[in-house]
Amino acid sequence: MRYFIKPKTDVLTWLLAVDAKPSTLPFFPKDATLGLVVTHLISGNVLAEVLTGPDQVEEVCGSGLPLGRLYFKIPRDRLYNVCPELSSESFRGEAA
């Protein structure tokens with residue numbers, strides 16, 4: 001399943017307010033209270049999607065080096081507020 005976040009404000013502004021230093025590569029946080037969000041620019045719109053585990057990177061970003069994306073480390077409890085379909089069970093059994 002794929003999880004897109006939809007904050008009430010501009011998605012990029014919301015993400016930068018939580019993580020002001022995103023990464024250009026998908027490094028998953030060691031802290032289990034954090035989730036990884038990838039942003040894509042598609043048809044002039046920024047889409048933000050939660051990556052629930054390393055095995056999902058290729059499905060979401062395609063094979064090869066995932067260029068042109070930013071990766072944000074966001075507290076999971078904040079993600080649940082902007083993505084109602086997401087739950088702690090979505091993270092491959094990693095409780096937080």
# chains A, B, ... in the order shown; residues from 1 in each chain; ligands from 1
$ residues_around --residues "stretch 40-47 of chain A" --least-positions-apart "3" --cutoff "8 Å" --atoms "only C-alpha atoms" --output "PyMOL selection string"
chain A and resi 4-5+11-12+68-70
$ residues_around --residues "A:Met1" --least-positions-apart "2" --cutoff "10 Å" --atoms "only C-alpha atoms" --output "PyMOL selection string"
chain A and resi 3+52+56+85-86+90
$ write_last_selection --atoms "all heavy atoms" --output "PDB file, in the first residue's frame"
ATOM      1  N   TYR A   3       1.240   5.451   0.812  1.00  0.00           N
ATOM      2  CA  TYR A   3       0.689   6.423   1.757  1.00  0.00           C
ATOM      3  C   TYR A   3       1.123   7.837   1.388  1.00  0.00           C
ATOM      4  O   TYR A   3       2.277   8.210   1.559  1.00  0.00           O
ATOM      5  CB  TYR A   3       1.180   6.102   3.183  1.00  0.00           C
ATOM      6  CG  TYR A   3       0.798   4.717   3.640  1.00  0.00           C
ATOM      7  CD1 TYR A   3       1.693   3.666   3.542  1.00  0.00           C
ATOM      8  CD2 TYR A   3      -0.467   4.475   4.168  1.00  0.00           C
ATOM      9  CE1 TYR A   3       1.347   2.393   3.960  1.00  0.00           C
ATOM     10  CE2 TYR A   3      -0.820   3.204   4.593  1.00  0.00           C
ATOM     11  CZ  TYR A   3       0.085   2.173   4.482  1.00  0.00           C
ATOM     12  OH  TYR A   3      -0.266   0.912   4.895  1.00  0.00           O
ATOM     13  N   THR A  52       7.497   3.217   4.075  1.00  0.00           N
ATOM     14  CA  THR A  52       7.339   2.446   5.310  1.00  0.00           C
ATOM     15  C   THR A  52       8.450   1.431   5.537  1.00  0.00           C
ATOM     16  O   THR A  52       8.531   0.839   6.604  1.00  0.00           O
ATOM     17  CB  THR A  52       5.979   1.732   5.320  1.00  0.00           C
ATOM     18  OG1 THR A  52       5.883   0.901   4.162  1.00  0.00           O
ATOM     19  CG2 THR A  52       4.842   2.747   5.333  1.00  0.00           C
ATOM     20  N   GLN A  56      10.346  -0.602  -0.067  1.00  0.00           N
ATOM     21  CA  GLN A  56       9.382   0.216  -0.792  1.00  0.00           C
ATOM     22  C   GLN A  56      10.050   1.282  -1.671  1.00  0.00           C
ATOM     23  O   GLN A  56       9.403   1.856  -2.535  1.00  0.00           O
ATOM     24  CB  GLN A  56       8.427   0.876   0.203  1.00  0.00           C
ATOM     25  CG  GLN A  56       7.166   1.358  -0.443  1.00  0.00           C
ATOM     26  CD  GLN A  56       6.219   1.982   0.548  1.00  0.00           C
ATOM     27  OE1 GLN A  56       6.621   2.473   1.593  1.00  0.00           O
ATOM     28  NE2 GLN A  56       4.965   1.995   0.202  1.00  0.00           N
ATOM     29  N   GLU A  85      -4.706   6.891   6.695  1.00  0.00           N
ATOM     30  CA  GLU A  85      -4.578   5.471   6.357  1.00  0.00           C
ATOM     31  C   GLU A  85      -3.352   4.839   7.014  1.00  0.00           C
ATOM     32  O   GLU A  85      -3.253   3.627   7.128  1.00  0.00           O
ATOM     33  CB  GLU A  85      -4.463   5.282   4.839  1.00  0.00           C
ATOM     34  CG  GLU A  85      -5.618   5.848   4.042  1.00  0.00           C
ATOM     35  CD  GLU A  85      -5.441   7.319   3.703  1.00  0.00           C
ATOM     36  OE1 GLU A  85      -4.317   7.847   3.785  1.00  0.00           O
ATOM     37  OE2 GLU A  85      -6.450   7.957   3.366  1.00  0.00           O
ATOM     38  N   LEU A  86      -2.402   5.659   7.426  1.00  0.00           N
ATOM     39  CA  LEU A  86      -1.144   5.199   8.000  1.00  0.00           C
ATOM     40  C   LEU A  86      -1.335   4.829   9.469  1.00  0.00           C
ATOM     41  O   LEU A  86      -2.036   5.521  10.206  1.00  0.00           O
ATOM     42  CB  LEU A  86      -0.104   6.320   7.872  1.00  0.00           C
ATOM     43  CG  LEU A  86       1.335   5.992   8.185  1.00  0.00           C
ATOM     44  CD1 LEU A  86       1.900   5.015   7.153  1.00  0.00           C
ATOM     45  CD2 LEU A  86       2.151   7.276   8.186  1.00  0.00           C
ATOM     46  N   SER A  90       1.776  -0.120   9.745  1.00  0.00           N
ATOM     47  CA  SER A  90       2.222   0.122   8.366  1.00  0.00           C
ATOM     48  C   SER A  90       3.744   0.052   8.256  1.00  0.00           C
ATOM     49  O   SER A  90       4.271  -0.222   7.181  1.00  0.00           O
ATOM     50  CB  SER A  90       1.784   1.521   7.907  1.00  0.00           C
ATOM     51  OG  SER A  90       0.394   1.684   8.020  1.00  0.00           O
TER      52      SER A  90
END
$ closest_residue --among "A:Asn81, A:Leu51, A:Leu36, A:Leu67" --to "A:Asp19" --atoms "only C-alpha atoms"
A:Leu36
$ closest_residue --among "A:Gly35, A:Leu65, A:Tyr71, A:Pro54" --to "A:Ser23" --atoms "only C-alpha atoms"
A:Tyr71
$ select_by_dssp --residues "chain A" --states "helix (DSSP H, G or I)" --output "PyMOL selection string"
chain A and resi 11-18+54-61+76-82+88-90
$ atom_distance --atom1 "atom CA of A:Lys8" --atom2 "atom CA of A:Val60"
23.3 Å
$ atom_distance --atom1 "atom CA of A:Val37" --atom2 "atom CA of A:Tyr80"
12.4 Å
$ residues_around --residues "A:Asp77" --least-positions-apart "3" --cutoff "10 Å" --atoms "only C-alpha atoms" --output "number ranges by chain"
A: 33-35, 74, 80-82, 87-88, 96
$ closest_residue --among "A:Val57, A:Ala48, A:Val38, A:Ala17" --to "A:Phe72" --atoms "only C-alpha atoms"
A:Val38
$ atom_distance --atom1 "atom CA of A:Phe28" --atom2 "atom CA of A:Arg78"
16.8 Å
$ select_by_dssp --residues "chain A" --states "strand (DSSP E or B)" --output "count of residues only"
25
$ residues_around --residues "A:Asp55" --least-positions-apart "4" --cutoff "12 Å" --atoms "only C-alpha atoms" --output "ChimeraX atom specification"
/A:26,28,51,59-63,91-92
$ write_last_selection --atoms "N, CA and C atoms" --output "mmCIF file, in the first residue's frame"
data_model
loop_
_atom_site.group_PDB
_atom_site.id
_atom_site.type_symbol
_atom_site.label_atom_id
_atom_site.label_comp_id
_atom_site.auth_asym_id
_atom_site.auth_seq_id
_atom_site.Cartn_x
_atom_site.Cartn_y
_atom_site.Cartn_z
ATOM 1 N N PRO A 26 17.759 8.283 0.148
ATOM 2 C CA PRO A 26 16.815 7.681 1.092
ATOM 3 C C PRO A 26 17.481 6.938 2.252
ATOM 4 N N PHE A 28 17.112 5.727 5.858
ATOM 5 C CA PHE A 28 16.056 5.516 6.847
ATOM 6 C C PHE A 28 16.570 5.862 8.236
ATOM 7 N N LEU A 51 7.559 6.412 3.094
ATOM 8 C CA LEU A 51 8.210 5.141 2.783
ATOM 9 C C LEU A 51 8.216 4.326 4.072
ATOM 10 N N GLU A 59 9.755 0.559 -5.445
ATOM 11 C CA GLU A 59 8.359 0.666 -5.881
ATOM 12 C C GLU A 59 7.952 2.127 -6.062
ATOM 13 N N VAL A 60 8.361 2.971 -5.143
ATOM 14 C CA VAL A 60 7.953 4.374 -5.161
ATOM 15 C C VAL A 60 8.836 5.217 -6.078
ATOM 16 N N CYS A 61 10.157 4.976 -6.043
ATOM 17 C CA CYS A 61 11.101 5.838 -6.756
ATOM 18 C C CYS A 61 11.628 5.245 -8.054
ATOM 19 N N GLY A 62 11.384 3.974 -8.295
ATOM 20 C CA GLY A 62 11.908 3.320 -9.484
ATOM 21 C C GLY A 62 13.301 2.772 -9.224
ATOM 22 N N SER A 63 13.821 2.035 -10.197
ATOM 23 C CA SER A 63 15.155 1.465 -10.040
ATOM 24 C C SER A 63 16.196 2.516 -10.417
ATOM 25 N N PHE A 91 4.453 0.288 9.345
ATOM 26 C CA PHE A 91 5.912 0.341 9.334
ATOM 27 C C PHE A 91 6.534 -1.033 9.549
ATOM 28 N N ARG A 92 6.026 -2.035 8.899
ATOM 29 C CA ARG A 92 6.610 -3.376 8.900
ATOM 30 C C ARG A 92 6.870 -3.910 10.303
#
